[in-house]
Amino acid sequence: MLRARIIPCLLLKDGGLVKSVKFKDHKYVGDPINAVKIFNEKEVDEIVVLDIDASAEGREPNYRLIENLARECRMPLCYGGGIKTVQQANRIFALGVEKIAISSAAVSDIGLVSALAAEVGSQSVVVILDVKKRSFGRGYEIYINNGKTGTGLSPVEFCKQLQEHGVGEICLNAIDRDGMMEGYDLDLISAVHKCVKVPMTVLGGAGSLDHIKDMIARFGIIGVAAGSLFVFKGAYKAVLISYPSRQERGLL
């Protein structure tokens, strides 16, 4: 029986695992390989690993780190960061990664989505949209370069274009909710969900399993991703990797 995917999202900066708040104030939380080993034991549905500086700094993907992550992972792995060409994507898939994620590159050249889908199949191509609420409640806008640069693009309209270009999955990341652990942006998710026919994943804001349960109840078979929820524990945010047990997942 199909069910929603519950997905830890790990952020990489300078080779280490970090967490942010509204894309700022990055806090080092550990070694990504060790984190993957722990998530293996917890039998996670899927894992997303994003090098948050690679594209902004114009760097190539860190192939050695990707290879080490893929070798360690016993769950499907989606990697994003620095991917700008089909050749880079092919090299990453050859290392054992199941999906690749692009963000700024898709906004700069939506034709890359078509090229990747034609080369590796739509099911392996994810576009992550970092989205922020406009001033004075005038809808939402897509941002690139780690949330630093506004594009003027509406996430709803751009998602329609992405589907026309063969995207396999859309991940909607709410910048304003990042690291806040106060719940997902329901208005944003609802607006995009109405126009998206490909698999969709939501990210940004999860602070409890109830937040995940609410997403699944409202939107059904979607991917529900989180960062802070799975790496922090308690009011003082002590670093402790966690993930719902099989029994807990069965109740979501």
# chains A, B, ... in the order shown; residues from 1 in each chain; ligands from 1
>>> select_by_dssp(residues="range 190-227 of chain A", states="strand (DSSP E or B)", output="list of chain:residue names")
A:Met200, A:Thr201, A:Val202, A:Leu203, A:Gly223, A:Val224, A:Ala225, A:Ala226
>>> residues_around(residues="range 119-127 of chain A", least_positions_apart="3", cutoff="9 Å", atoms="only C-alpha atoms", output="list in words")
Cys78, Gly80, Val86, Ala89, Asn90, Phe93, Glu98, Lys99, Ile100, Ala101, Ile102, Ser103, Ala106, Val113, Ser114, Ala115, Leu116, Leu162, Gly166, Val167, Gly168, Glu169, Ile170, Cys171 and Leu172 of chain A
>>> atom_distance(atom1="CA of Ser190 in chain A", atom2="CA of Leu2 in chain A")
21.0 Å
>>> select_by_dssp(residues="range 3-248 of chain A", states="helix (DSSP H, G or I)", output="ChimeraX atom specification")
/A:32-41,63-72,86-94,104-108,111-120,122-124,135-137,155-164,175-177,186-193,209-219,228-231,246-248
>>> residues_around(residues="Glu248 in chain A", least_positions_apart="2", cutoff="12 Å", atoms="only C-alpha atoms", output="list in words")
Ile6, Leu209, Asp210, Ile212, Lys213, Tyr243, Pro244, Ser245, Arg246, Gly250, Leu251 and Leu252 of chain A
>>> closest_residue(among="A:Lys37, A:Lys42, A:His211, A:Lys160", to="Ala70 in chain A", atoms="only C-alpha atoms")
A:Lys37
>>> atom_distance(atom1="CA of Gly227 in chain A", atom2="CA of His165 in chain A")
28.8 Å
>>> closest_residue(among="A:Val18, A:Ala206, A:Ile241, A:Cys195", to="Asn34 in chain A", atoms="only C-alpha atoms")
A:Ile241
>>> closest_residue(among="A:Arg5, A:Lys13, A:Lys19, A:Lys24", to="Val239 in chain A", atoms="only C-alpha atoms")
A:Lys19
>>> atom_distance(atom1="CA of Ala235 in chain A", atom2="CA of Leu50 in chain A")
25.8 Å
>>> residues_around(residues="Asp53 in chain A", least_positions_apart="6", cutoff="9 Å", atoms="only C-alpha atoms", output="compact mmCIF listing (two decimals) with all heavy atoms, in the first residue's frame")
# COMPACT_ATOMS: atom_id res chain seq x y z
N LEU A 12 24.73 20.26 3.81
CA LEU A 12 26.18 20.23 3.88
C LEU A 12 26.76 21.62 3.67
O LEU A 12 26.34 22.35 2.77
CB LEU A 12 26.75 19.29 2.81
CG LEU A 12 26.35 17.82 2.85
CD1 LEU A 12 26.98 17.09 1.69
CD2 LEU A 12 26.75 17.20 4.17
N LYS A 13 27.75 21.96 4.50
CA LYS A 13 28.49 23.20 4.34
C LYS A 13 29.93 22.92 4.74
O LYS A 13 30.18 22.45 5.85
CB LYS A 13 27.89 24.30 5.22
CG LYS A 13 28.50 25.69 5.02
CD LYS A 13 27.78 26.70 5.89
CE LYS A 13 28.38 28.09 5.77
NZ LYS A 13 28.23 28.66 4.42
N ASP A 14 30.85 23.16 3.83
CA ASP A 14 32.27 22.87 4.08
C ASP A 14 32.48 21.42 4.50
O ASP A 14 33.34 21.12 5.34
CB ASP A 14 32.83 23.81 5.15
CG ASP A 14 32.73 25.28 4.75
OD1 ASP A 14 32.90 25.56 3.54
OD2 ASP A 14 32.47 26.13 5.63
N ARG A 59 30.87 25.93 -7.53
CA ARG A 59 31.73 24.75 -7.38
C ARG A 59 31.12 23.52 -8.03
O ARG A 59 29.90 23.38 -8.13
CB ARG A 59 31.96 24.46 -5.90
CG ARG A 59 32.87 25.42 -5.20
CD ARG A 59 33.28 24.89 -3.83
NE ARG A 59 32.22 24.98 -2.85
CZ ARG A 59 31.48 23.98 -2.42
NH1 ARG A 59 31.65 22.77 -2.93
NH2 ARG A 59 30.54 24.16 -1.50
N GLY A 81 23.27 19.98 -5.29
CA GLY A 81 24.32 20.95 -5.00
C GLY A 81 25.37 20.99 -6.10
O GLY A 81 26.10 20.02 -6.29
N GLY A 82 25.40 22.07 -6.86
CA GLY A 82 26.43 22.25 -7.87
C GLY A 82 26.16 21.58 -9.21
O GLY A 82 27.02 21.63 -10.10
N ASN A 145 20.23 31.03 -5.07
CA ASN A 145 21.50 31.35 -4.40
C ASN A 145 21.35 31.38 -2.89
O ASN A 145 21.64 32.38 -2.22
CB ASN A 145 22.06 32.69 -4.92
CG ASN A 145 22.39 32.66 -6.39
OD1 ASN A 145 22.78 31.62 -6.92
ND2 ASN A 145 22.21 33.78 -7.07
N ASN A 146 20.85 30.26 -2.36
CA ASN A 146 20.69 30.14 -0.90
C ASN A 146 19.74 31.17 -0.32
O ASN A 146 19.95 31.68 0.78
CB ASN A 146 22.04 30.24 -0.19
CG ASN A 146 22.65 28.89 0.07
OD1 ASN A 146 22.00 27.86 -0.13
ND2 ASN A 146 23.89 28.87 0.52
>>> closest_residue(among="A:Ser208, A:Ser154, A:Gln247, A:Asn173", to="Cys9 in chain A", atoms="only C-alpha atoms")
A:Asn173
>>> residues_around(residues="Val131 in chain A", least_positions_apart="4", cutoff="9 Å", atoms="only C-alpha atoms", output="PDB file with all heavy atoms, in the first residue's frame")
ATOM      1  N   TYR A 140       3.719  34.594  -3.211  1.00  0.00           N
ATOM      2  CA  TYR A 140       5.023  34.016  -2.917  1.00  0.00           C
ATOM      3  C   TYR A 140       5.960  34.189  -4.098  1.00  0.00           C
ATOM      4  O   TYR A 140       5.531  34.315  -5.243  1.00  0.00           O
ATOM      5  CB  TYR A 140       4.885  32.530  -2.601  1.00  0.00           C
ATOM      6  CG  TYR A 140       4.106  32.235  -1.337  1.00  0.00           C
ATOM      7  CD1 TYR A 140       2.715  32.145  -1.352  1.00  0.00           C
ATOM      8  CD2 TYR A 140       4.763  32.044  -0.122  1.00  0.00           C
ATOM      9  CE1 TYR A 140       1.997  31.869  -0.191  1.00  0.00           C
ATOM     10  CE2 TYR A 140       4.058  31.762   1.039  1.00  0.00           C
ATOM     11  CZ  TYR A 140       2.678  31.683   0.991  1.00  0.00           C
ATOM     12  OH  TYR A 140       1.977  31.417   2.143  1.00  0.00           O
ATOM     13  N   GLU A 141       7.274  34.152  -3.797  1.00  0.00           N
ATOM     14  CA  GLU A 141       8.297  34.331  -4.820  1.00  0.00           C
ATOM     15  C   GLU A 141       9.396  33.289  -4.642  1.00  0.00           C
ATOM     16  O   GLU A 141       9.783  32.965  -3.519  1.00  0.00           O
ATOM     17  CB  GLU A 141       8.901  35.733  -4.702  1.00  0.00           C
ATOM     18  CG  GLU A 141      10.002  36.035  -5.724  1.00  0.00           C
ATOM     19  CD  GLU A 141      10.559  37.441  -5.569  1.00  0.00           C
ATOM     20  OE1 GLU A 141      10.035  38.189  -4.708  1.00  0.00           O
ATOM     21  OE2 GLU A 141      11.494  37.791  -6.303  1.00  0.00           O
ATOM     22  N   ILE A 142       9.903  32.769  -5.759  1.00  0.00           N
ATOM     23  CA  ILE A 142      11.016  31.829  -5.738  1.00  0.00           C
ATOM     24  C   ILE A 142      12.325  32.601  -5.587  1.00  0.00           C
ATOM     25  O   ILE A 142      12.550  33.614  -6.261  1.00  0.00           O
ATOM     26  CB  ILE A 142      11.051  30.997  -7.034  1.00  0.00           C
ATOM     27  CG1 ILE A 142       9.785  30.131  -7.143  1.00  0.00           C
ATOM     28  CG2 ILE A 142      12.302  30.115  -7.083  1.00  0.00           C
ATOM     29  CD1 ILE A 142       9.644  29.447  -8.489  1.00  0.00           C
ATOM     30  N   TYR A 143      13.195  32.089  -4.711  1.00  0.00           N
ATOM     31  CA  TYR A 143      14.523  32.664  -4.504  1.00  0.00           C
ATOM     32  C   TYR A 143      15.592  31.643  -4.908  1.00  0.00           C
ATOM     33  O   TYR A 143      15.355  30.436  -4.849  1.00  0.00           O
ATOM     34  CB  TYR A 143      14.728  33.063  -3.040  1.00  0.00           C
ATOM     35  CG  TYR A 143      14.158  34.411  -2.683  1.00  0.00           C
ATOM     36  CD1 TYR A 143      12.787  34.626  -2.688  1.00  0.00           C
ATOM     37  CD2 TYR A 143      14.984  35.484  -2.355  1.00  0.00           C
ATOM     38  CE1 TYR A 143      12.250  35.873  -2.381  1.00  0.00           C
ATOM     39  CE2 TYR A 143      14.462  36.730  -2.044  1.00  0.00           C
ATOM     40  CZ  TYR A 143      13.095  36.916  -2.057  1.00  0.00           C
ATOM     41  OH  TYR A 143      12.584  38.149  -1.755  1.00  0.00           O
ATOM     42  N   ILE A 144      16.764  32.151  -5.295  1.00  0.00           N
ATOM     43  CA  ILE A 144      17.892  31.285  -5.637  1.00  0.00           C
ATOM     44  C   ILE A 144      19.121  31.743  -4.860  1.00  0.00           C
ATOM     45  O   ILE A 144      19.057  32.706  -4.096  1.00  0.00           O
ATOM     46  CB  ILE A 144      18.178  31.287  -7.161  1.00  0.00           C
ATOM     47  CG1 ILE A 144      18.455  32.707  -7.670  1.00  0.00           C
ATOM     48  CG2 ILE A 144      17.012  30.666  -7.926  1.00  0.00           C
ATOM     49  CD1 ILE A 144      18.887  32.776  -9.126  1.00  0.00           C
ATOM     50  N   GLY A 147      18.699  31.490  -1.068  1.00  0.00           N
ATOM     51  CA  GLY A 147      17.699  32.421  -0.576  1.00  0.00           C
ATOM     52  C   GLY A 147      18.105  33.878  -0.616  1.00  0.00           C
ATOM     53  O   GLY A 147      17.431  34.732  -0.044  1.00  0.00           O
ATOM     54  N   SER A 154       6.616  33.249  -9.681  1.00  0.00           N
ATOM     55  CA  SER A 154       5.599  32.646  -8.830  1.00  0.00           C
ATOM     56  C   SER A 154       5.817  31.140  -8.773  1.00  0.00           C
ATOM     57  O   SER A 154       5.966  30.494  -9.819  1.00  0.00           O
ATOM     58  CB  SER A 154       4.210  32.933  -9.396  1.00  0.00           C
ATOM     59  OG  SER A 154       3.271  31.965  -8.967  1.00  0.00           O
ATOM     60  N   PRO A 155       5.816  30.523  -7.584  1.00  0.00           N
ATOM     61  CA  PRO A 155       6.000  29.067  -7.525  1.00  0.00           C
ATOM     62  C   PRO A 155       4.904  28.302  -8.245  1.00  0.00           C
ATOM     63  O   PRO A 155       5.167  27.258  -8.847  1.00  0.00           O
ATOM     64  CB  PRO A 155       6.009  28.775  -6.023  1.00  0.00           C
ATOM     65  CG  PRO A 155       5.423  29.965  -5.367  1.00  0.00           C
ATOM     66  CD  PRO A 155       5.733  31.127  -6.246  1.00  0.00           C
ATOM     67  N   LEU A 172       9.070  21.643  -2.384  1.00  0.00           N
ATOM     68  CA  LEU A 172       8.733  23.008  -2.028  1.00  0.00           C
ATOM     69  C   LEU A 172       9.313  23.328  -0.654  1.00  0.00           C
ATOM     70  O   LEU A 172       8.948  22.714   0.344  1.00  0.00           O
ATOM     71  CB  LEU A 172       7.212  23.136  -2.008  1.00  0.00           C
ATOM     72  CG  LEU A 172       6.584  24.515  -2.085  1.00  0.00           C
ATOM     73  CD1 LEU A 172       6.972  25.202  -3.400  1.00  0.00           C
ATOM     74  CD2 LEU A 172       5.071  24.392  -1.980  1.00  0.00           C
ATOM     75  N   ASN A 173      10.242  24.284  -0.617  1.00  0.00           N
ATOM     76  CA  ASN A 173      10.969  24.615   0.613  1.00  0.00           C
ATOM     77  C   ASN A 173      10.632  26.040   1.041  1.00  0.00           C
ATOM     78  O   ASN A 173      10.963  26.997   0.349  1.00  0.00           O
ATOM     79  CB  ASN A 173      12.481  24.474   0.374  1.00  0.00           C
ATOM     80  CG  ASN A 173      13.283  24.600   1.648  1.00  0.00           C
ATOM     81  OD1 ASN A 173      12.734  24.568   2.751  1.00  0.00           O
ATOM     82  ND2 ASN A 173      14.587  24.734   1.516  1.00  0.00           N
ATOM     83  N   ALA A 174       9.974  26.189   2.191  1.00  0.00           N
ATOM     84  CA  ALA A 174       9.548  27.491   2.680  1.00  0.00           C
ATOM     85  C   ALA A 174      10.665  28.145   3.486  1.00  0.00           C
ATOM     86  O   ALA A 174      10.964  27.727   4.608  1.00  0.00           O
ATOM     87  CB  ALA A 174       8.295  27.349   3.538  1.00  0.00           C
ATOM     88  N   ILE A 175      11.296  29.167   2.919  1.00  0.00           N
ATOM     89  CA  ILE A 175      12.426  29.835   3.567  1.00  0.00           C
ATOM     90  C   ILE A 175      12.015  30.417   4.918  1.00  0.00           C
ATOM     91  O   ILE A 175      12.744  30.308   5.904  1.00  0.00           O
ATOM     92  CB  ILE A 175      12.990  30.940   2.656  1.00  0.00           C
ATOM     93  CG1 ILE A 175      13.560  30.336   1.363  1.00  0.00           C
ATOM     94  CG2 ILE A 175      14.071  31.748   3.379  1.00  0.00           C
ATOM     95  CD1 ILE A 175      13.992  31.376   0.338  1.00  0.00           C
ATOM     96  N   ASP A 176      10.851  31.046   4.971  1.00  0.00           N
ATOM     97  CA  ASP A 176      10.408  31.693   6.208  1.00  0.00           C
ATOM     98  C   ASP A 176      10.175  30.705   7.347  1.00  0.00           C
ATOM     99  O   ASP A 176      10.162  31.102   8.520  1.00  0.00           O
ATOM    100  CB  ASP A 176       9.119  32.478   5.960  1.00  0.00           C
ATOM    101  CG  ASP A 176       9.313  33.635   4.993  1.00  0.00           C
ATOM    102  OD1 ASP A 176      10.362  34.293   5.080  1.00  0.00           O
ATOM    103  OD2 ASP A 176       8.427  33.879   4.158  1.00  0.00           O
ATOM    104  N   LEU A 188       0.996  28.097   1.251  1.00  0.00           N
ATOM    105  CA  LEU A 188       1.906  27.865   0.126  1.00  0.00           C
ATOM    106  C   LEU A 188       1.732  26.458  -0.439  1.00  0.00           C
ATOM    107  O   LEU A 188       1.595  26.274  -1.651  1.00  0.00           O
ATOM    108  CB  LEU A 188       3.350  28.067   0.589  1.00  0.00           C
ATOM    109  CG  LEU A 188       4.453  27.643  -0.375  1.00  0.00           C
ATOM    110  CD1 LEU A 188       4.399  28.457  -1.661  1.00  0.00           C
ATOM    111  CD2 LEU A 188       5.829  27.776   0.292  1.00  0.00           C
TER     112      LEU A 188
END
>>> decode(residues="range 113-124 of chain A", atoms="N, CA, C and O atoms", output="PDB file, in the first residue's frame")
ATOM      1  N   VAL A 113      16.162  20.907 -17.132  1.00  0.00           N
ATOM      2  CA  VAL A 113      15.216  19.913 -16.618  1.00  0.00           C
ATOM      3  C   VAL A 113      14.835  18.937 -17.725  1.00  0.00           C
ATOM      4  O   VAL A 113      14.834  17.715 -17.535  1.00  0.00           O
ATOM      5  N   SER A 114      14.516  19.474 -18.892  1.00  0.00           N
ATOM      6  CA  SER A 114      14.174  18.627 -20.041  1.00  0.00           C
ATOM      7  C   SER A 114      15.327  17.717 -20.430  1.00  0.00           C
ATOM      8  O   SER A 114      15.147  16.525 -20.704  1.00  0.00           O
ATOM      9  N   ALA A 115      16.536  18.276 -20.459  1.00  0.00           N
ATOM     10  CA  ALA A 115      17.712  17.503 -20.853  1.00  0.00           C
ATOM     11  C   ALA A 115      17.992  16.383 -19.861  1.00  0.00           C
ATOM     12  O   ALA A 115      18.308  15.245 -20.250  1.00  0.00           O
ATOM     13  N   LEU A 116      17.874  16.672 -18.578  1.00  0.00           N
ATOM     14  CA  LEU A 116      18.101  15.649 -17.554  1.00  0.00           C
ATOM     15  C   LEU A 116      17.041  14.565 -17.624  1.00  0.00           C
ATOM     16  O   LEU A 116      17.348  13.370 -17.532  1.00  0.00           O
ATOM     17  N   ALA A 117      15.778  14.967 -17.791  1.00  0.00           N
ATOM     18  CA  ALA A 117      14.688  13.984 -17.869  1.00  0.00           C
ATOM     19  C   ALA A 117      14.880  13.054 -19.062  1.00  0.00           C
ATOM     20  O   ALA A 117      14.642  11.843 -18.969  1.00  0.00           O
ATOM     21  N   ALA A 118      15.321  13.615 -20.181  1.00  0.00           N
ATOM     22  CA  ALA A 118      15.541  12.798 -21.376  1.00  0.00           C
ATOM     23  C   ALA A 118      16.704  11.832 -21.194  1.00  0.00           C
ATOM     24  O   ALA A 118      16.690  10.706 -21.712  1.00  0.00           O
ATOM     25  N   GLU A 119      17.709  12.243 -20.441  1.00  0.00           N
ATOM     26  CA  GLU A 119      18.914  11.431 -20.260  1.00  0.00           C
ATOM     27  C   GLU A 119      18.740  10.351 -19.199  1.00  0.00           C
ATOM     28  O   GLU A 119      19.135   9.201 -19.410  1.00  0.00           O
ATOM     29  N   VAL A 120      18.170  10.698 -18.056  1.00  0.00           N
ATOM     30  CA  VAL A 120      18.140   9.756 -16.927  1.00  0.00           C
ATOM     31  C   VAL A 120      16.738   9.325 -16.523  1.00  0.00           C
ATOM     32  O   VAL A 120      16.579   8.454 -15.661  1.00  0.00           O
ATOM     33  N   GLY A 121      15.717   9.930 -17.122  1.00  0.00           N
ATOM     34  CA  GLY A 121      14.341   9.610 -16.758  1.00  0.00           C
ATOM     35  C   GLY A 121      13.776  10.613 -15.770  1.00  0.00           C
ATOM     36  O   GLY A 121      14.467  11.017 -14.828  1.00  0.00           O
ATOM     37  N   SER A 122      12.532  11.005 -15.982  1.00  0.00           N
ATOM     38  CA  SER A 122      11.909  12.015 -15.120  1.00  0.00           C
ATOM     39  C   SER A 122      11.912  11.621 -13.654  1.00  0.00           C
ATOM     40  O   SER A 122      12.057  12.469 -12.765  1.00  0.00           O
ATOM     41  N   GLN A 123      11.740  10.325 -13.385  1.00  0.00           N
ATOM     42  CA  GLN A 123      11.616   9.868 -12.004  1.00  0.00           C
ATOM     43  C   GLN A 123      12.860  10.159 -11.168  1.00  0.00           C
ATOM     44  O   GLN A 123      12.807  10.152  -9.934  1.00  0.00           O
ATOM     45  N   SER A 124      13.967  10.462 -11.819  1.00  0.00           N
ATOM     46  CA  SER A 124      15.223  10.713 -11.103  1.00  0.00           C
ATOM     47  C   SER A 124      15.565  12.192 -10.998  1.00  0.00           C
ATOM     48  O   SER A 124      16.632  12.543 -10.484  1.00  0.00           O
TER      49      SER A 124
END
